[in-house]
file target.cif (mmCIF, C-alpha atoms)
data_target
#
loop_
_atom_site.group_PDB
_atom_site.id
_atom_site.type_symbol
_atom_site.label_atom_id
_atom_site.label_comp_id
_atom_site.auth_asym_id
_atom_site.auth_seq_id
_atom_site.Cartn_x
_atom_site.Cartn_y
_atom_site.Cartn_z
ATOM 1 C CA MET C 1 0.000 0.000 0.000
ATOM 2 C CA LYS C 2 1.263 3.461 -0.923
ATOM 3 C CA ARG C 3 0.400 5.548 2.144
ATOM 4 C CA ALA C 4 1.201 9.272 2.345
ATOM 5 C CA LEU C 5 1.103 11.452 5.425
ATOM 6 C CA PHE C 6 -0.149 15.016 4.969
ATOM 7 C CA PRO C 7 0.931 16.784 8.169
ATOM 8 C CA GLY C 8 -0.116 20.210 9.387
ATOM 9 C CA SER C 9 -1.901 22.192 12.045
ATOM 10 C CA PHE C 10 -4.955 22.793 9.833
ATOM 11 C CA ASP C 11 -6.084 25.787 11.902
ATOM 12 C CA PRO C 12 -8.395 25.643 9.977
ATOM 13 C CA ILE C 13 -8.260 23.447 6.875
ATOM 14 C CA THR C 14 -8.386 25.663 3.768
ATOM 15 C CA ASN C 15 -9.500 25.127 0.192
ATOM 16 C CA GLY C 16 -5.783 24.820 -0.638
ATOM 17 C CA HIS C 17 -5.356 21.922 1.813
ATOM 18 C CA TYR C 18 -8.561 20.367 0.493
ATOM 19 C CA ASP C 19 -7.283 20.534 -3.089
ATOM 20 C CA ILE C 20 -3.938 18.918 -2.206
ATOM 21 C CA ILE C 21 -5.680 16.078 -0.336
ATOM 22 C CA LYS C 22 -8.157 15.454 -3.197
ATOM 23 C CA ARG C 23 -5.292 15.317 -5.679
ATOM 24 C CA GLY C 24 -3.212 13.192 -3.302
ATOM 25 C CA VAL C 25 -5.821 10.417 -3.200
ATOM 26 C CA LYS C 26 -5.327 10.014 -6.951
ATOM 27 C CA LEU C 27 -1.615 9.325 -6.367
ATOM 28 C CA PHE C 28 -1.711 7.224 -3.204
ATOM 29 C CA ASP C 29 -3.750 4.314 -1.889
ATOM 30 C CA GLU C 30 -4.310 6.243 1.327
ATOM 31 C CA VAL C 31 -3.702 9.811 2.514
ATOM 32 C CA VAL C 32 -3.418 10.227 6.264
ATOM 33 C CA VAL C 33 -4.185 13.806 7.243
ATOM 34 C CA ALA C 34 -2.217 14.173 10.472
ATOM 35 C CA ILE C 35 -2.885 17.115 12.748
ATOM 36 C CA GLY C 36 0.298 17.898 14.630
ATOM 37 C CA ILE C 37 -0.023 18.725 18.298
ATOM 38 C CA ASN C 38 2.266 21.526 19.430
ATOM 39 C CA ALA C 39 1.709 22.640 23.032
ATOM 40 C CA ASP C 40 3.647 25.859 22.423
ATOM 41 C CA LYS C 41 1.370 27.047 19.620
ATOM 42 C CA LYS C 42 -1.802 29.072 20.141
ATOM 43 C CA TYR C 43 -4.628 27.804 17.973
ATOM 44 C CA MET C 44 -7.876 29.516 17.009
ATOM 45 C CA PHE C 45 -9.705 26.188 16.850
ATOM 46 C CA SER C 46 -9.446 23.303 19.282
ATOM 47 C CA LEU C 47 -7.928 20.026 18.178
ATOM 48 C CA GLU C 48 -11.402 18.469 18.229
ATOM 49 C CA GLN C 49 -12.815 21.232 15.997
ATOM 50 C CA ARG C 50 -9.955 20.978 13.501
ATOM 51 C CA LYS C 51 -10.325 17.206 13.338
ATOM 52 C CA ALA C 52 -14.123 17.490 12.901
ATOM 53 C CA PHE C 53 -13.717 20.035 10.056
ATOM 54 C CA ILE C 54 -11.478 17.608 8.150
ATOM 55 C CA GLU C 55 -13.547 14.507 8.939
ATOM 56 C CA ASP C 56 -16.684 16.229 7.671
ATOM 57 C CA ALA C 57 -14.947 17.498 4.526
ATOM 58 C CA PHE C 58 -13.811 13.956 3.625
ATOM 59 C CA LYS C 59 -16.665 11.876 5.038
ATOM 60 C CA ASN C 60 -17.312 10.384 1.583
ATOM 61 C CA GLU C 61 -13.657 9.676 0.749
ATOM 62 C CA PRO C 62 -12.580 6.293 2.164
ATOM 63 C CA LYS C 63 -8.964 6.797 1.085
ATOM 64 C CA VAL C 64 -8.556 9.711 3.529
ATOM 65 C CA LYS C 65 -7.864 9.009 7.200
ATOM 66 C CA ILE C 66 -7.639 11.730 9.840
ATOM 67 C CA THR C 67 -5.445 11.421 12.908
ATOM 68 C CA THR C 68 -3.372 13.444 15.370
ATOM 69 C CA TYR C 69 0.249 13.051 16.410
ATOM 70 C CA GLU C 70 3.006 14.522 18.549
ATOM 71 C CA GLY C 71 6.727 14.533 17.973
ATOM 72 C CA LEU C 72 8.733 14.201 14.795
ATOM 73 C CA THR C 73 6.774 13.696 11.602
ATOM 74 C CA VAL C 74 9.215 11.022 10.385
ATOM 75 C CA ASP C 75 8.710 9.058 13.598
ATOM 76 C CA TYR C 76 4.962 9.148 13.081
ATOM 77 C CA CYS C 77 5.428 8.050 9.457
ATOM 78 C CA LYS C 78 7.344 5.004 10.686
ATOM 79 C CA GLU C 79 4.650 4.306 13.291
ATOM 80 C CA ILE C 80 1.869 4.175 10.683
ATOM 81 C CA ASP C 81 4.044 2.761 7.870
ATOM 82 C CA ALA C 82 3.762 5.819 5.618
ATOM 83 C CA LYS C 83 6.522 5.871 3.014
ATOM 84 C CA PHE C 84 5.711 9.370 1.754
ATOM 85 C CA ILE C 85 5.085 12.836 3.143
ATOM 86 C CA LEU C 86 2.727 14.927 1.025
ATOM 87 C CA ARG C 87 3.162 18.707 0.999
ATOM 88 C CA GLY C 88 1.644 21.567 -0.960
ATOM 89 C CA LEU C 89 3.666 24.451 -2.352
ATOM 90 C CA ARG C 90 2.093 27.873 -2.860
ATOM 91 C CA ASN C 91 5.125 29.983 -3.708
ATOM 92 C CA PRO C 92 8.952 30.079 -3.807
ATOM 93 C CA ALA C 93 9.152 30.859 -0.073
ATOM 94 C CA ASP C 94 7.149 27.698 0.676
ATOM 95 C CA PHE C 95 9.537 25.732 -1.509
ATOM 96 C CA GLU C 96 12.647 26.936 0.322
ATOM 97 C CA PHE C 97 11.097 26.227 3.727
ATOM 98 C CA GLU C 98 9.734 22.817 2.720
ATOM 99 C CA LYS C 99 12.952 21.853 0.935
ATOM 100 C CA ALA C 100 14.947 22.247 4.167
ATOM 101 C CA ILE C 101 12.431 20.108 6.069
ATOM 102 C CA ALA C 102 12.380 17.475 3.307
ATOM 103 C CA HIS C 103 16.196 17.238 3.303
ATOM 104 C CA THR C 104 16.201 16.883 7.100
ATOM 105 C CA ASN C 105 13.496 14.218 7.006
ATOM 106 C CA ARG C 106 15.400 12.352 4.284
ATOM 107 C CA LYS C 107 18.559 12.461 6.412
ATOM 108 C CA LEU C 108 16.653 11.090 9.427
ATOM 109 C CA SER C 109 14.775 8.388 7.504
ATOM 110 C CA LYS C 110 14.103 6.896 4.077
ATOM 111 C CA ILE C 111 10.766 8.697 3.758
ATOM 112 C CA GLU C 112 10.289 10.634 0.531
ATOM 113 C CA THR C 113 8.539 13.994 0.411
ATOM 114 C CA VAL C 114 6.212 14.555 -2.539
ATOM 115 C CA PHE C 115 5.367 18.149 -3.407
ATOM 116 C CA LEU C 116 2.237 19.232 -5.246
ATOM 117 C CA LEU C 117 1.848 22.774 -6.511
ATOM 118 C CA THR C 118 -1.322 24.374 -5.270
ATOM 119 C CA ALA C 119 -3.964 25.241 -7.816
ATOM 120 C CA ALA C 120 -3.753 28.835 -9.038
ATOM 121 C CA LYS C 121 -7.208 29.530 -7.614
ATOM 122 C CA THR C 122 -6.103 28.576 -4.080
ATOM 123 C CA SER C 123 -2.419 29.555 -4.069
ATOM 124 C CA TYR C 124 -3.008 32.755 -2.095
ATOM 125 C CA ILE C 125 -4.902 31.063 0.752
ATOM 126 C CA SER C 126 -3.224 30.274 4.069
ATOM 127 C CA SER C 127 -4.693 29.335 7.423
ATOM 128 C CA SER C 128 -3.297 32.551 8.915
ATOM 129 C CA ILE C 129 -5.161 34.619 6.293
ATOM 130 C CA VAL C 130 -8.358 32.674 7.037
ATOM 131 C CA ARG C 131 -7.947 33.285 10.781
ATOM 132 C CA ASP C 132 -7.447 37.002 10.147
ATOM 133 C CA VAL C 133 -10.605 37.158 8.002
ATOM 134 C CA ILE C 134 -12.553 35.322 10.733
ATOM 135 C CA ARG C 135 -11.212 37.630 13.493
ATOM 136 C CA ASN C 136 -12.356 40.637 11.476
ATOM 137 C CA ASN C 137 -15.802 39.223 10.676
ATOM 138 C CA GLY C 138 -15.101 38.822 6.958
ATOM 139 C CA ASP C 139 -16.566 36.203 4.630
ATOM 140 C CA TYR C 140 -14.170 33.338 5.295
ATOM 141 C CA THR C 141 -16.505 30.796 3.641
ATOM 142 C CA VAL C 142 -14.985 31.357 0.197
ATOM 143 C CA LEU C 143 -11.576 30.268 1.547
ATOM 144 C CA VAL C 144 -12.452 26.999 3.306
ATOM 145 C CA PRO C 145 -14.433 23.800 2.698
ATOM 146 C CA ASP C 146 -18.118 23.917 3.675
ATOM 147 C CA SER C 147 -17.295 21.836 6.767
ATOM 148 C CA VAL C 148 -15.578 24.799 8.424
ATOM 149 C CA ARG C 149 -18.242 26.628 10.362
ATOM 150 C CA VAL C 150 -17.499 29.355 12.851
ATOM 151 C CA LYS C 151 -20.155 30.064 15.421
#
call {"tool": "encode", "arguments": {"input": "target.cif", "output": "structure tokens"}}
result
Amino acid sequence: MKRALFPGSFDPITNGHYDIIKRGVKLFDEVVVAIGINADKKYMFSLEQRKAFIEDAFKNEPKVKITTYEGLTVDYCKEIDAKFILRGLRNPADFEFEKAIAHTNRKLSKIETVFLLTAAKTSYISSSIVRDVIRNNGDYTVLVPDSVRVK
């Protein structure tokens, strides 16, 4: 089985994340969306909310699994037998940042990182932009899957 791990904080999941996952299931037998737990980070949405947003968005896609993890991503890949890490690239800055992580992960393990370019229509979206729109009472719904509902 070709299993890929798509790690992130997903605070919240965006249409860009959604697009990468949907395209990833065409390449892999299974895509594990793994929400990293970082006690030092301040999140807008609880872990339970973030997980529920993703579960609802992919409720009809059996090739997508949603989980949480702590620690090194490569260690979690080994734990779940994922041979690939899936990442999306929006711009050159993303590439430089992700390249350094991919090289480090490759040095620590035999896990390959697979990069997908984001679709042009979602390349400007980031979770931090979505959070800013939400904080300022803007229409965030055009930036996220329908499963993301802010009360």
call {"tool": "residues_near_point", "arguments": {"input": "target.cif", "point": "(7.7, 26.7, 0.7)", "cutoff": "12 Å", "atoms": "only C-alpha atoms", "output": "list in words"}}
result
Arg87, Gly88, Leu89, Arg90, Asn91, Pro92, Ala93, Asp94, Phe95, Glu96, Phe97, Glu98, Lys99, Ala100, Ile101, Ala102, Phe115, Leu116, Leu117, Thr118, Ser123 and Ser126 of chain C
call {"tool": "closest_residue", "arguments": {"input": "target.cif", "among": "C:Thr104, C:Lys63, C:Pro12, C:Lys41", "to": "Val133 of chain C", "atoms": "all atoms listed in the file"}}
result
C:Pro12
call {"tool": "resolve_selection", "arguments": {"input": "target.cif", "expression": "the PyMOL selection byres ((chain C and resi 75) around 12)", "output": "PyMOL selection string"}}
result
chain C and resi 5+69-74+76-83+85+105-106+108-111
call {"tool": "residues_around", "arguments": {"input": "target.cif", "residues": "Leu143 of chain C", "least_positions_apart": "5", "cutoff": "10 Å", "atoms": "only C-alpha atoms", "output": "list in words"}}
result
Ile13, Thr14, Asn15, Gly16, Thr122, Tyr124, Ile125, Ser126, Ser127, Ile129, Val130, Val133 and Val148 of chain C
call {"tool": "closest_residue", "arguments": {"input": "target.cif", "among": "C:Lys65, C:Arg50, C:His17, C:Lys59", "to": "Val31 of chain C", "atoms": "all atoms listed in the file"}}
result
C:Lys65
call {"tool": "atom_distance", "arguments": {"input": "target.cif", "atom1": "atom CA of Asp139 of chain C", "atom2": "atom CA of Asp19 of chain C"}}
result
19.8 Å
call {"tool": "atom_distance", "arguments": {"input": "target.cif", "atom1": "atom CA of Asn137 of chain C", "atom2": "atom CA of Ala39 of chain C"}}
result
27.1 Å
call {"tool": "axis_aligned_box", "arguments": {"input": "target.cif", "around": "segment 50-59 of chain C", "padding_each_side": "8 Å", "output": "JSON"}}
result
{"center_x": -13.3, "center_y": 16.4, "center_z": 8.6, "size_x": 22.7, "size_y": 25.1, "size_z": 25.9}
call {"tool": "atom_distance", "arguments": {"input": "target.cif", "atom1": "atom CA of Lys42 of chain C", "atom2": "atom CA of Lys121 of chain C"}}
result
28.3 Å
call {"tool": "closest_residue", "arguments": {"input": "target.cif", "among": "C:Ala119, C:Asp11, C:Ile21, C:Leu27", "to": "Phe45 of chain C", "atoms": "all atoms listed in the file"}}
result
C:Asp11
call {"tool": "residues_around", "arguments": {"input": "target.cif", "residues": "Ile35 of chain C", "least_positions_apart": "6", "cutoff": "9 Å", "atoms": "only C-alpha atoms", "output": "list in words"}}
result
Phe6, Pro7, Gly8, Ser9, Phe10, Leu47, Arg50, Lys51, Ile66, Thr67, Thr68, Tyr69 and Glu70 of chain C
call {"tool": "write_last_selection", "arguments": {"input": "target.cif", "atoms": "C-alpha atoms", "output": "tab-separated table (two decimals), keeping the file's coordinate frame"}}
result
chain	number	residue	atom	x	y	z
C	6	PHE	CA	-0.15	15.02	4.97
C	7	PRO	CA	0.93	16.78	8.17
C	8	GLY	CA	-0.12	20.21	9.39
C	9	SER	CA	-1.90	22.19	12.04
C	10	PHE	CA	-4.96	22.79	9.83
C	47	LEU	CA	-7.93	20.03	18.18
C	50	ARG	CA	-9.96	20.98	13.50
C	51	LYS	CA	-10.32	17.21	13.34
C	66	ILE	CA	-7.64	11.73	9.84
C	67	THR	CA	-5.44	11.42	12.91
C	68	THR	CA	-3.37	13.44	15.37
C	69	TYR	CA	0.25	13.05	16.41
C	70	GLU	CA	3.01	14.52	18.55
call {"tool": "closest_residue", "arguments": {"input": "target.cif", "among": "C:Lys22, C:Arg149, C:His103, C:Arg131", "to": "Pro62 of chain C", "atoms": "only C-alpha atoms"}}
result
C:Lys22
call {"tool": "decode", "arguments": {"input": "target.cif", "residues": "segment 14-52 of chain C", "atoms": "N, CA and C atoms", "output": "short mmCIF file (atom, residue, chain, number, x, y, z; two decimals), in the first residue's frame"}}
result
data_model
loop_
_atom_site.label_atom_id
_atom_site.label_comp_id
_atom_site.auth_asym_id
_atom_site.auth_seq_id
_atom_site.Cartn_x
_atom_site.Cartn_y
_atom_site.Cartn_z
N THR C 14 -8.00 24.69 4.80
CA THR C 14 -8.39 25.66 3.77
C THR C 14 -8.74 24.94 2.47
N ASN C 15 -9.24 25.71 1.51
CA ASN C 15 -9.50 25.13 0.19
C ASN C 15 -8.20 24.66 -0.47
N GLY C 16 -7.08 25.27 -0.13
CA GLY C 16 -5.78 24.82 -0.64
C GLY C 16 -5.43 23.45 -0.10
N HIS C 17 -5.58 23.25 1.22
CA HIS C 17 -5.36 21.92 1.81
C HIS C 17 -6.28 20.89 1.16
N TYR C 18 -7.54 21.27 1.05
CA TYR C 18 -8.56 20.37 0.49
C TYR C 18 -8.15 19.91 -0.91
N ASP C 19 -7.70 20.84 -1.72
CA ASP C 19 -7.28 20.53 -3.09
C ASP C 19 -6.10 19.57 -3.10
N ILE C 20 -5.12 19.80 -2.26
CA ILE C 20 -3.94 18.92 -2.21
C ILE C 20 -4.35 17.51 -1.78
N ILE C 21 -5.22 17.40 -0.80
CA ILE C 21 -5.68 16.08 -0.34
C ILE C 21 -6.45 15.36 -1.45
N LYS C 22 -7.37 16.07 -2.10
CA LYS C 22 -8.16 15.45 -3.20
C LYS C 22 -7.25 14.98 -4.32
N ARG C 23 -6.23 15.73 -4.64
CA ARG C 23 -5.29 15.32 -5.68
C ARG C 23 -4.38 14.21 -5.18
N GLY C 24 -4.06 14.22 -3.89
CA GLY C 24 -3.21 13.19 -3.30
C GLY C 24 -3.84 11.81 -3.35
N VAL C 25 -5.17 11.74 -3.18
CA VAL C 25 -5.82 10.42 -3.20
C VAL C 25 -5.77 9.78 -4.59
N LYS C 26 -5.49 10.57 -5.61
CA LYS C 26 -5.33 10.01 -6.95
C LYS C 26 -3.94 9.39 -7.12
N LEU C 27 -2.99 9.80 -6.28
CA LEU C 27 -1.61 9.32 -6.37
C LEU C 27 -1.29 8.19 -5.39
N PHE C 28 -2.02 8.17 -4.28
CA PHE C 28 -1.71 7.22 -3.20
C PHE C 28 -2.92 6.36 -2.89
N ASP C 29 -2.66 5.20 -2.32
CA ASP C 29 -3.75 4.31 -1.89
C ASP C 29 -4.47 4.89 -0.67
N GLU C 30 -3.73 5.64 0.14
CA GLU C 30 -4.31 6.24 1.33
C GLU C 30 -3.56 7.52 1.66
N VAL C 31 -4.30 8.56 2.04
CA VAL C 31 -3.70 9.81 2.51
C VAL C 31 -4.14 9.98 3.97
N VAL C 32 -3.15 10.02 4.85
CA VAL C 32 -3.42 10.23 6.26
C VAL C 32 -3.19 11.71 6.56
N VAL C 33 -4.27 12.40 6.87
CA VAL C 33 -4.18 13.81 7.24
C VAL C 33 -3.88 13.81 8.73
N ALA C 34 -2.69 14.25 9.09
CA ALA C 34 -2.22 14.17 10.47
C ALA C 34 -2.10 15.57 11.07
N ILE C 35 -2.91 15.83 12.07
CA ILE C 35 -2.89 17.11 12.75
C ILE C 35 -1.82 17.06 13.83
N GLY C 36 -0.79 17.87 13.65
CA GLY C 36 0.30 17.90 14.63
C GLY C 36 -0.12 18.64 15.88
N ILE C 37 0.28 18.10 17.02
CA ILE C 37 -0.02 18.73 18.30
C ILE C 37 1.24 19.42 18.79
N ASN C 38 1.15 20.72 18.96
CA ASN C 38 2.27 21.53 19.43
C ASN C 38 1.78 22.36 20.61
N ALA C 39 2.19 21.98 21.81
CA ALA C 39 1.71 22.64 23.03
C ALA C 39 2.13 24.10 23.11
N ASP C 40 3.16 24.48 22.37
CA ASP C 40 3.65 25.86 22.42
C ASP C 40 2.90 26.80 21.47
N LYS C 41 2.07 26.25 20.62
CA LYS C 41 1.37 27.05 19.62
C LYS C 41 -0.03 27.41 20.10
N LYS C 42 -0.45 28.63 19.81
CA LYS C 42 -1.80 29.07 20.14
C LYS C 42 -2.68 28.88 18.91
N TYR C 43 -3.73 28.10 19.08
CA TYR C 43 -4.63 27.80 17.97
C TYR C 43 -5.94 28.56 18.12
N MET C 44 -6.55 28.90 16.99
CA MET C 44 -7.88 29.52 17.01
C MET C 44 -8.93 28.46 17.29
N PHE C 45 -8.73 27.27 16.72
CA PHE C 45 -9.71 26.19 16.85
C PHE C 45 -9.09 25.07 17.68
N SER C 46 -9.92 24.42 18.47
CA SER C 46 -9.45 23.30 19.28
C SER C 46 -9.06 22.14 18.37
N LEU C 47 -8.31 21.22 18.92
CA LEU C 47 -7.93 20.03 18.18
C LEU C 47 -9.17 19.27 17.71
N GLU C 48 -10.16 19.17 18.57
CA GLU C 48 -11.40 18.47 18.23
C GLU C 48 -12.13 19.16 17.08
N GLN C 49 -12.17 20.50 17.09
CA GLN C 49 -12.82 21.23 16.00
C GLN C 49 -12.07 21.02 14.69
N ARG C 50 -10.75 21.14 14.72
CA ARG C 50 -9.96 20.98 13.50
C ARG C 50 -10.14 19.58 12.92
N LYS C 51 -10.13 18.58 13.79
CA LYS C 51 -10.33 17.21 13.34
C LYS C 51 -11.72 17.03 12.74
N ALA C 52 -12.74 17.60 13.39
CA ALA C 52 -14.12 17.49 12.90
C ALA C 52 -14.28 18.18 11.55
#
